[in-house]
$ cat model-v9.pdb   # PDB, C-alpha atoms
ATOM      1  CA  MET X 194      -6.329  22.155 -25.907
ATOM      2  CA  PRO X 195      -7.593  18.788 -24.633
ATOM      3  CA  ASP X 196      -8.656  16.001 -26.963
ATOM      4  CA  LEU X 197     -12.337  16.918 -26.764
ATOM      5  CA  ASP X 198     -15.214  14.500 -26.854
ATOM      6  CA  ASN X 199     -17.455  16.409 -29.301
ATOM      7  CA  PRO X 200     -20.150  14.030 -30.616
ATOM      8  CA  TYR X 201     -22.297  16.879 -31.988
ATOM      9  CA  TRP X 202     -19.530  17.902 -34.378
ATOM     10  CA  TRP X 203     -18.880  14.308 -35.374
ATOM     11  CA  ALA X 204     -22.601  13.743 -35.978
ATOM     12  CA  LEU X 205     -22.735  16.824 -38.176
ATOM     13  CA  GLN X 206     -19.761  15.642 -40.218
ATOM     14  CA  ARG X 207     -21.475  12.301 -40.797
ATOM     15  CA  LEU X 208     -24.697  14.085 -41.664
ATOM     16  CA  VAL X 209     -22.959  16.259 -44.238
ATOM     17  CA  THR X 210     -21.405  13.164 -45.784
ATOM     18  CA  ILE X 211     -24.561  11.024 -45.730
ATOM     19  CA  LYS X 212     -26.854  13.760 -47.037
ATOM     20  CA  ALA X 213     -24.266  14.999 -49.537
ATOM     21  CA  ALA X 214     -24.653  18.581 -48.357
ATOM     22  CA  THR X 215     -22.224  20.931 -50.042
ATOM     23  CA  VAL X 216     -20.011  23.520 -48.394
ATOM     24  CA  ASP X 217     -19.129  26.631 -50.385
ATOM     25  CA  ASP X 218     -15.939  28.719 -50.195
ATOM     26  CA  ASN X 219     -17.278  30.537 -47.126
ATOM     27  CA  LYS X 220     -17.817  27.220 -45.327
ATOM     28  CA  THR X 221     -21.560  27.774 -45.511
ATOM     29  CA  LEU X 222     -23.776  24.691 -45.661
ATOM     30  CA  ARG X 223     -26.125  24.314 -48.615
ATOM     31  CA  ALA X 224     -29.170  22.187 -47.891
ATOM     32  CA  VAL X 225     -30.141  19.059 -49.784
ATOM     33  CA  SER X 226     -33.189  16.865 -49.397
ATOM     34  CA  GLY X 227     -33.702  15.766 -45.803
ATOM     35  CA  PHE X 228     -30.765  17.723 -44.413
ATOM     36  CA  ASN X 229     -32.811  20.474 -42.713
ATOM     37  CA  THR X 230     -34.875  17.993 -40.714
ATOM     38  CA  ASP X 231     -31.871  15.984 -39.565
ATOM     39  CA  LEU X 232     -29.920  19.110 -38.642
ATOM     40  CA  ASN X 233     -32.806  20.466 -36.579
ATOM     41  CA  LEU X 234     -33.018  17.160 -34.715
ATOM     42  CA  ALA X 235     -29.311  17.360 -33.946
ATOM     43  CA  ARG X 236     -29.665  20.963 -32.790
ATOM     44  CA  THR X 237     -32.441  19.915 -30.411
ATOM     45  CA  GLN X 238     -30.409  17.043 -29.023
ATOM     46  CA  TYR X 239     -27.196  19.023 -28.566
ATOM     47  CA  SER X 240     -27.326  22.822 -29.055
ATOM     48  CA  PRO X 241     -28.627  25.512 -31.425
ATOM     49  CA  THR X 242     -25.003  26.650 -31.793
ATOM     50  CA  ILE X 243     -22.912  24.154 -33.760
ATOM     51  CA  SER X 244     -19.862  23.021 -31.785
ATOM     52  CA  ASP X 245     -17.259  23.940 -34.376
ATOM     53  CA  PRO X 246     -13.873  23.100 -32.755
ATOM     54  CA  ASP X 247     -12.577  26.592 -33.598
ATOM     55  CA  VAL X 248     -15.478  28.152 -31.679
ATOM     56  CA  VAL X 249     -14.953  25.787 -28.748
ATOM     57  CA  GLU X 250     -11.266  26.729 -28.571
ATOM     58  CA  TRP X 251     -12.097  30.440 -28.779
ATOM     59  CA  LEU X 252     -14.739  30.131 -26.055
ATOM     60  CA  ALA X 253     -12.324  28.328 -23.752
ATOM     61  CA  ALA X 254      -9.772  31.086 -24.321
ATOM     62  CA  VAL X 255     -12.042  34.076 -23.646
ATOM     63  CA  THR X 256     -13.874  32.709 -20.596
ATOM     64  CA  ALA X 257     -12.635  32.813 -17.027
ATOM     65  CA  GLU X 258     -11.848  29.714 -14.976
ATOM     66  CA  ARG X 259     -15.378  29.942 -13.540
ATOM     67  CA  VAL X 260     -18.149  29.657 -16.155
ATOM     68  CA  VAL X 261     -21.911  29.946 -15.701
ATOM     69  CA  GLU X 262     -24.077  28.855 -18.655
ATOM     70  CA  ILE X 263     -27.673  30.107 -18.801
ATOM     71  CA  ASP X 264     -30.488  28.831 -21.040
ATOM     72  CA  ALA X 265     -28.302  25.752 -21.117
ATOM     73  CA  GLY X 266     -30.931  23.449 -22.629
ATOM     74  CA  ALA X 267     -29.049  20.215 -23.176
ATOM     75  CA  ALA X 268     -26.016  21.862 -21.457
ATOM     76  CA  TYR X 269     -23.814  20.618 -24.272
ATOM     77  CA  TRP X 270     -21.477  23.632 -24.148
ATOM     78  CA  SER X 271     -21.059  23.139 -20.399
ATOM     79  CA  TYR X 272     -20.106  19.556 -21.195
ATOM     80  CA  LEU X 273     -17.473  20.756 -23.678
ATOM     81  CA  LEU X 274     -15.977  23.428 -21.407
ATOM     82  CA  ASN X 275     -15.890  21.067 -18.441
ATOM     83  CA  GLN X 276     -13.406  18.926 -20.361
ATOM     84  CA  TYR X 277     -10.822  21.697 -19.934
ATOM     85  CA  PRO X 278      -8.920  20.999 -16.684
ATOM     86  CA  ASN X 279      -8.831  24.690 -15.712
ATOM     87  CA  LYS X 280     -12.614  25.216 -16.001
ATOM     88  CA  ARG X 281     -15.343  24.984 -13.368
ATOM     89  CA  VAL X 282     -18.760  25.093 -15.002
ATOM     90  CA  THR X 283     -22.296  25.485 -13.666
ATOM     91  CA  ALA X 284     -25.280  25.138 -16.032
ATOM     92  CA  TYR X 285     -28.697  26.717 -15.445
ATOM     93  CA  ASP X 286     -31.987  26.602 -17.309
ATOM     94  CA  LEU X 287     -35.534  27.640 -16.425
ATOM     95  CA  LYS X 288     -36.672  24.155 -17.463
ATOM     96  CA  PRO X 289     -33.656  21.807 -17.546
ATOM     97  CA  ARG X 290     -33.816  18.960 -20.048
ATOM     98  CA  TYR X 291     -31.561  16.297 -21.585
ATOM     99  CA  PRO X 292     -29.389  15.937 -18.459
ATOM    100  CA  ASN X 293     -27.305  13.251 -20.180
ATOM    101  CA  HIS X 294     -24.741  15.843 -21.328
ATOM    102  CA  TYR X 295     -24.101  17.790 -18.122
ATOM    103  CA  PRO X 296     -25.957  18.295 -14.816
ATOM    104  CA  THR X 297     -28.242  21.332 -15.066
ATOM    105  CA  GLU X 298     -29.805  23.278 -12.221
ATOM    106  CA  THR X 299     -33.102  25.169 -12.357
ATOM    107  CA  LEU X 300     -32.595  28.922 -12.479
ATOM    108  CA  ASP X 301     -35.116  30.288  -9.989
ATOM    109  CA  ARG X 302     -35.845  33.937 -10.817
ATOM    110  CA  GLN X 303     -36.522  34.630  -7.135
ATOM    111  CA  ARG X 304     -33.243  33.254  -5.764
ATOM    112  CA  LEU X 305     -30.988  35.209  -8.145
ATOM    113  CA  TYR X 306     -28.158  32.692  -8.297
ATOM    114  CA  LEU X 307     -26.340  34.812 -10.856
ATOM    115  CA  ARG X 308     -25.311  37.338  -8.201
ATOM    116  CA  ASP X 309     -23.126  34.664  -6.623
ATOM    117  CA  TYR X 310     -20.563  34.575  -9.470
ATOM    118  CA  PRO X 311     -18.665  37.902  -9.588
ATOM    119  CA  ALA X 312     -15.511  36.265 -11.016
ATOM    120  CA  ALA X 313     -17.273  34.077 -13.583
ATOM    121  CA  THR X 314     -18.007  34.474 -17.282
ATOM    122  CA  LEU X 315     -21.690  34.267 -18.195
ATOM    123  CA  VAL X 316     -22.254  32.113 -21.307
ATOM    124  CA  CYS X 317     -25.435  31.799 -23.373
ATOM    125  CA  MET X 318     -25.183  29.570 -26.449
ATOM    126  CA  SER X 319     -28.920  29.049 -27.006
ATOM    127  CA  ASP X 320     -29.303  32.128 -29.274
ATOM    128  CA  ARG X 321     -32.977  32.546 -28.419
ATOM    129  CA  PHE X 322     -34.655  35.649 -29.839
ATOM    130  CA  PRO X 323     -35.633  38.234 -28.550
ATOM    131  CA  TYR X 324     -33.285  37.155 -25.750
ATOM    132  CA  ASN X 325     -35.689  37.865 -22.876
ATOM    133  CA  SER X 326     -33.932  35.444 -20.541
ATOM    134  CA  THR X 327     -30.530  36.790 -21.618
ATOM    135  CA  VAL X 328     -31.588  40.318 -20.688
ATOM    136  CA  PHE X 329     -32.791  39.074 -17.297
ATOM    137  CA  ALA X 330     -29.579  37.175 -16.665
ATOM    138  CA  LEU X 331     -27.303  40.060 -17.646
ATOM    139  CA  ALA X 332     -29.273  42.397 -15.402
ATOM    140  CA  LYS X 333     -28.809  40.062 -12.404
ATOM    141  CA  PHE X 334     -25.294  38.850 -13.177
ATOM    142  CA  SER X 335     -22.576  40.319 -10.932
ATOM    143  CA  GLY X 336     -19.573  39.450 -13.124
ATOM    144  CA  SER X 337     -17.772  41.475 -15.771
ATOM    145  CA  ARG X 338     -17.682  39.035 -18.721
ATOM    146  CA  ALA X 339     -20.436  37.606 -20.925
ATOM    147  CA  VAL X 340     -20.490  35.511 -24.102
ATOM    148  CA  ILE X 341     -23.679  35.354 -26.182
ATOM    149  CA  SER X 342     -24.401  33.287 -29.305
ATOM    150  CA  CYS X 343     -26.690  34.923 -31.854
ATOM    151  CA  GLU X 344     -28.409  34.037 -35.106
ATOM    152  CA  ARG X 345     -29.412  37.671 -35.356
ATOM    153  CA  SER X 346     -27.366  40.600 -34.147
ATOM    154  CA  PRO X 347     -27.832  41.336 -30.437
ATOM    155  CA  TYR X 348     -27.926  44.985 -31.453
ATOM    156  CA  ASP X 349     -31.258  44.371 -33.240
ATOM    157  CA  ALA X 350     -33.121  43.270 -30.090
ATOM    158  CA  GLY X 351     -34.657  46.252 -28.275
ATOM    159  CA  ALA X 352     -34.218  45.409 -24.585
ATOM    160  CA  LEU X 353     -30.912  43.604 -25.111
ATOM    161  CA  LYS X 354     -29.595  46.374 -27.356
ATOM    162  CA  ASP X 355     -30.402  48.987 -24.699
ATOM    163  CA  LEU X 356     -28.780  46.967 -21.915
ATOM    164  CA  LEU X 357     -25.624  46.322 -23.941
ATOM    165  CA  ALA X 358     -25.303  49.995 -24.904
ATOM    166  CA  ARG X 359     -25.742  51.091 -21.303
ATOM    167  CA  GLU X 360     -23.560  48.589 -19.433
ATOM    168  CA  TRP X 361     -21.434  46.462 -21.799
ATOM    169  CA  VAL X 362     -18.713  46.801 -24.455
ATOM    170  CA  GLU X 363     -18.083  44.271 -27.221
ATOM    171  CA  GLU X 364     -14.602  42.818 -26.792
ATOM    172  CA  SER X 365     -14.462  40.253 -29.615
ATOM    173  CA  ARG X 366     -16.595  37.983 -31.755
ATOM    174  CA  MET X 367     -16.201  34.602 -33.428
ATOM    175  CA  GLY X 368     -18.100  33.215 -36.402
ATOM    176  CA  SER X 369     -18.622  29.503 -36.754
ATOM    177  CA  GLY X 370     -16.383  27.859 -39.336
ATOM    178  CA  LEU X 371     -19.333  25.786 -40.488
ATOM    179  CA  ARG X 372     -22.512  27.851 -40.444
ATOM    180  CA  ARG X 373     -26.143  27.366 -41.324
ATOM    181  CA  TRP X 374     -26.644  28.161 -44.981
ATOM    182  CA  ASP X 375     -29.039  31.091 -44.489
ATOM    183  CA  GLU X 376     -28.206  32.588 -41.073
ATOM    184  CA  PRO X 377     -24.519  33.069 -40.291
ATOM    185  CA  ARG X 378     -24.050  32.542 -36.570
ATOM    186  CA  VAL X 379     -21.786  34.737 -34.472
ATOM    187  CA  VAL X 380     -20.719  34.419 -30.837
ATOM    188  CA  TYR X 381     -19.997  37.731 -29.088
ATOM    189  CA  GLU X 382     -17.801  38.439 -26.067
ATOM    190  CA  PHE X 383     -18.762  41.435 -23.914
ATOM    191  CA  ARG X 384     -17.053  43.251 -21.041
ATOM    192  CA  ARG X 385     -18.927  45.291 -18.456
ATOM    193  CA  LYS X 386     -18.165  49.013 -18.721
ATOM    194  CA  THR X 387     -17.736  49.424 -14.974
ATOM    195  CA  PHE X 388     -14.651  47.179 -14.988
ATOM    196  CA  TRP X 389     -12.338  49.426 -17.034
ATOM    197  CA  ASN X 390      -9.402  48.888 -14.670
ATOM    198  CA  GLN X 391      -9.674  45.111 -14.700
ATOM    199  CA  PRO X 392      -7.384  42.857 -16.799
ATOM    200  CA  THR X 393      -8.458  42.359 -20.409
ATOM    201  CA  ARG X 394      -9.810  38.913 -19.517
ATOM    202  CA  LEU X 395     -10.126  37.221 -16.163
ATOM    203  CA  ASN X 396      -7.521  34.472 -15.690
ATOM    204  CA  MET X 397      -7.128  33.815 -19.412
ATOM    205  CA  PRO X 398      -4.770  35.110 -22.167
ATOM    206  CA  ILE X 399      -6.068  37.003 -25.181
ATOM    207  CA  TYR X 400      -7.153  34.731 -28.016
ATOM    208  CA  THR X 401      -5.576  35.295 -31.428
ATOM    209  CA  PRO X 402      -7.714  33.708 -34.209
ATOM    210  CA  GLY X 403      -5.727  31.052 -35.993
ATOM    211  CA  GLY X 404      -2.794  31.422 -33.649
ATOM    212  CA  GLY X 405      -4.123  30.059 -30.395
ATOM    213  CA  PRO X 406      -3.982  31.932 -27.096
TER     214      PRO X 406
END

$ encode --input "model-v9.pdb" --output "structure tokens"
Amino acid sequence: MPDLDNPYWWALQRLVTIKAATVDDNKTLRAVSGFNTDLNLARTQYSPTISDPDVVEWLAAVTAERVVEIDAGAAYWSYLLNQYPNKRVTAYDLKPRYPNHYPTETLDRQRLYLRDYPAATLVCMSDRFPYNSTVFALAKFSGSRAVISCERSPYDAGALKDLLAREWVEESRMGSGLRRWDEPRVVYEFRRKTFWNQPTRLNMPIYTPGGGP
């Protein structure tokens, strides 16, 4: 694992210290005065999904060499993955913003860029609900691997639930080691059902939580 530049995580650690937020035995944040506002500002600047180093390591392990991030927003997760020497990352968003983290391209619904990445892993760390853009992307994506971050279960969203049941199988999931106090966040890895004869993961070893790849 490279020595990652992860300013979001560092900012959160300082915020926890400055605001005296407590962390219970489940590593769940408990809000104190002013913490919610500051955390939301950090989430806007970086990502809705907190860049816990354990989650970053897991994501690097379960994704292929080629990674395509959709709904990238600030493209902070693309910035993190691009620090791994074996990764090639492309970030897309319908309305790219905050390009200071990583260059982001506009995802034109008419040009269907996602069909050009059959060997890539699709990554969505924005956890938007009800995942309309995620459903669109999965429907157009030609690859066999997808990773989706969720505040709510993806199995609770109608269109996404139907698409997952029809075409995808959950392979693994990873919870953040430092979660929001009221909504535990989980990142899911999915494999397309039509790729049963393919290797368990493209170009990457299986990740063992706590034990590395």

$ closest_residue --input "model-v9.pdb" --among "X:Tyr285, X:Trp270, X:Tyr348, X:Trp203" --to "Val362 of chain X" --atoms "all atoms listed in the file"
X:Tyr348

$ resolve_selection --input "model-v9.pdb" --expression "the PyMOL selection byres ((chain X and resi 307) around 9)" --output "list in words"
Val261, Leu300, Arg304, Leu305, Tyr306, Arg308, Asp309, Tyr310, Pro311, Leu315, Ala330, Leu331, Lys333, Phe334, Ser335 and Gly336 of chain X

$ atom_distance --input "model-v9.pdb" --atom1 "atom CA of Ser326 of chain X" --atom2 "atom CA of Thr297 of chain X"
16.2 Å

$ closest_residue --input "model-v9.pdb" --among "X:Ala332, X:Val340, X:Val379, X:Leu273" --to "Glu360 of chain X" --atoms "all atoms listed in the file"
X:Ala332

$ closest_residue --input "model-v9.pdb" --among "X:Asp349, X:Asp231, X:Glu382, X:Glu250" --to "Gln276 of chain X" --atoms "only C-alpha atoms"
X:Glu250

$ resolve_selection --input "model-v9.pdb" --expression "the PyMOL selection byres ((chain X and resi 274) around 12)" --output "PyMOL selection string"
chain X and resi 194-199+244+246+248-262+268-273+275-284+294-295+314+316

$ resolve_selection --input "model-v9.pdb" --expression "the PyMOL selection byres ((chain X and resi 386) around 6)" --output "JSON, numbers by chain"
{"X": [360, 361, 385, 387, 388]}

$ closest_residue --input "model-v9.pdb" --among "X:Thr230, X:Thr237, X:Thr242, X:Ser319" --to "Trp202 of chain X" --atoms "all atoms listed in the file"
X:Thr242

$ atom_distance --input "model-v9.pdb" --atom1 "atom CA of Ala352 of chain X" --atom2 "atom CA of Val380 of chain X"
18.5 Å

$ atom_distance --input "model-v9.pdb" --atom1 "atom CA of Arg378 of chain X" --atom2 "atom CA of Ile341 of chain X"
10.8 Å

$ residues_near_point --input "model-v9.pdb" --point "(-32.9, 33.1, -18.2)" --cutoff "7 Å" --atoms "only C-alpha atoms" --output "list of chain:residue names"
X:Ile263, X:Asp264, X:Asp286, X:Leu287, X:Ser326, X:Thr327, X:Phe329, X:Ala330

$ write_last_selection --input "model-v9.pdb" --atoms "C-alpha atoms" --output "mmCIF file, in the frame of the given file"
data_model
loop_
_atom_site.group_PDB
_atom_site.id
_atom_site.type_symbol
_atom_site.label_atom_id
_atom_site.label_comp_id
_atom_site.auth_asym_id
_atom_site.auth_seq_id
_atom_site.Cartn_x
_atom_site.Cartn_y
_atom_site.Cartn_z
ATOM 1 C CA ILE X 263 -27.673 30.107 -18.801
ATOM 2 C CA ASP X 264 -30.488 28.831 -21.040
ATOM 3 C CA ASP X 286 -31.987 26.602 -17.309
ATOM 4 C CA LEU X 287 -35.534 27.640 -16.425
ATOM 5 C CA SER X 326 -33.932 35.444 -20.541
ATOM 6 C CA THR X 327 -30.530 36.790 -21.618
ATOM 7 C CA PHE X 329 -32.791 39.074 -17.297
ATOM 8 C CA ALA X 330 -29.579 37.175 -16.665
#

$ axis_aligned_box --input "model-v9.pdb" --around "segment 355-371 of chain X" --padding-each-side "6 Å" --output "lines of an AutoDock Vina configuration file"
center_x = -22.4
center_y = 38.4
center_z = -30.0
size_x = 27.9
size_y = 37.3
size_z = 33.1

$ closest_residue --input "model-v9.pdb" --among "X:Leu205, X:Ala313, X:Met318, X:Leu356" --to "Pro241 of chain X" --atoms "all atoms listed in the file"
X:Met318
